[in-house]
Every structure is written in C-alpha cells, then in structure tokens.
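Below is one structure, written out as structure tokens; comments come after it.
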Amino acid sequence: MDKFRMIFQFLQSNQESFMNGICGIMALASAQMYSAFDFNCPCLPGYNAAYSAGILLAPPLVLFLLGLVMNNNVSMLAEEWKRPPGRRAKDPAVLRYMFCSMAQRALIAPIVWVAVTLLDGKCFLCAFCTAVPVTALGNGSLAPGLPAPELARLLARVPCPEIYDGDWLLAREVAVRYLRCISQALGWSFVLLTTLLAFVVRSVRPCFTQVAFLKSKYWSHYIDIERKLFDETCTEHAKAFAKVCIQQFFEAMNHDLELGHTHGTLATAPASAAAPTAPDGAEEEREKLRGITDQGTMNRLLTSWHKCKPPLQLGREEPPLMGNGWAGSGPRPLRKEVATYFSKV
C-alpha cells in the first residue's frame, strides 16, 4: 500500500510529465490499432466514400475525447468556467490557456491516426477510386462508351482485387499506385504542416506574447495547486471529524454500559469521581477541525467556497462567513493608529 501511495504522490507532483507520457502512449496505441485494424472497403459506389470518411474521422474524435477525459484538468476547467464570480473575477485568458494546454496533448493521438491512415493509402484508395482518370491512365478509347453508373461500379471495385474485373479498361495496379502516391503526398504534407504549427504555437507564440503567456501560466498553476490544497485540507478535516465522532460514540456507549452495570450498587457505592478528561490525541484531532464541528457549518463553508472564493489579496482581514457568502462586502473602515513616544530625562 505504501508503494502505491508513493507512486500516486509522484504522479501528482509530476502531473505534466505524466500526462505527456500518457499522450505518447495513446499515440503509439493509435498507430498499433490501425495496423491491427482489418480494413474492408465495401467496393460499392455509394458506400466507399462514407466508409472511408468514417475510418478517417471517427477514431480521431474518439481518441481526442479520451485524451480530454484522461486529463485531470478537465473538471478543474469546467469548475472554473461555471463557478460564480463572487469576489474573484474570472480571467478568460487563463481559461483559454488551460483549454489549449489540454487540447494540445489530446490532439497528439488523433494526429498520429490521420497521418498513419494517409501514409498507408488504403482509406484514400477506397474513397477516391471512382475518381481515377481512366482516359489518362487506362484505355481511353473504351471509357466514353460506358454509361456513368457502370463505370462507377467498375472503378469502385479497384480496392478489392478478388472481385475487380476491369483490367480490360484500367489496370488495377496502375490505379492503386496512382491513388497511394497522392495519399502519401497528402500524409507527409499533413505531418509537415502539423509539425510547423506545433513549432509556432510552442516556440514562436510565447516570444510575442510573453507577458500574457506568463500571467496565464502562473494563474493556471495557482488554480490547480489551490484546488489540490483545498481537497487535501477537506480530506484532513473529514478524517479528524470522523475520528472524533467515532470516539464520542464509543465513549458514550462505554458510559451507558458502566451506568447499567453499576445501577444496583449506586446506593452503597461512594460518590463517583469526576468525568475523565479527553486524551491528548482527541485534543489534537479537535484542533484539526478548525472550529468546524457540525454538518451545517461545513455545508455553509463548502457552499461559500464555491459561490464566493476569497479574493487574491494576501494580508487582508476577511469579514466573517455568513450564510452562503461573505458578509460585509463594503469597504472596511480605516483603523486609527496612535503612536506614543518616550524620551529619557
């Protein structure tokens, strides 16, 4: 159990590196999934394009959503976006920075899937086999004599060598090489464009907006750390609250049992001694409660934390917590300071 706790703490302290590793694993998994995927083109004029579009777009969308779901900052972004402003204004730049950071990592696996699909060429071959220029690559003298539906039906069978019977019009190997050449050119162009875009976003953009970038990065990290510390404080308070409640329950049961046991001897027994004081451990647990000792007060505290978080200004006394928010929202009166000087006679 201690080893798992140490691993969990290490992952929490290195969350960014951990998420980068997860995105890399998902990228490799997407490439492996495509290599293990059995691509079966329907070889029908009305279905080839739809099947290829589904293979090219549906898995990247699923991988993108999985990348967002596996990122712990999704809930933090949603909470920061939907929370009431209260006494702390919401900064759209910070929200954009958080979303862009998550989207950049989540897009790695979909990009790998699209790149591998285009470089392989099967999907492109299935989608555009009916658009092959027969007059330029095949027997152009026979193509005008065929009806358009018959020509489309014949070319739609190009991805399926076992049922293709149009070698007299267009050699299948010629059509396959032509379409795969175009697909690989598009694939390498896609890889080049995404690499250049990633370079611009990660390297060039912060140089022109360095101040805004640093501000957004700092407050994004602050929101993450504040949430973790609040969760840890609530967990510590819940443990102390549960421990004190259990101790009080056992002490009350023990007291009731002692009263029932000595009920018959109360007339002859001497006066009982004073109630025993609470042990040092119970006092320590009560100190951890920070004065929140009932369910209603804790619920008001949690509601106030959600609806009216304290302002980001240290060294300032806050008004007492009342109801669902903070009381005394107006300006606080200035304190009068009196200085007394003593002189030696």
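Ordering of the structure tokens sets the chain letters (A, B, ...); residue numbers start at 1 within each chain; ligands are numbered from 1 in the order shown.
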- Would you list, as a ChimeraX atom specification, the residues of region 127-305 of chain A that end up in helix (DSSP H, G or I) under DSSP run on this structure's backbone? /A:127-131,134-137,143-145,148-155,172-208,210-261,263-265,280-288,295-305
- Any idea what's packed within 10 Å of Ala93 (chain A), counting only C-alpha atoms, ignoring anything in its chain fewer than 2 positions away? Could you give it as a ChimeraX atom specification? /A:90-91,95-99,212-213,215-217,219-220
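Distance-wise, CA of Met298 (chain A) and CA of Asn71 (chain A) end up 29.3 Å apart.
The nearest approach to Cys160 (chain A) among the residues A:Pro310, A:Pro42, A:Pro85, A:Gly54, with only C-alpha atoms taken into account, belongs to A:Pro42.
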- Query: Pro110 (chain A): which residues within 8 Å, counting only C-alpha atoms, same-chain residues fewer than 3 positions away excluded, as a PyMOL selection string?
  - Reply: chain A and resi 27+30+59-61+63-64+106-107+113-114
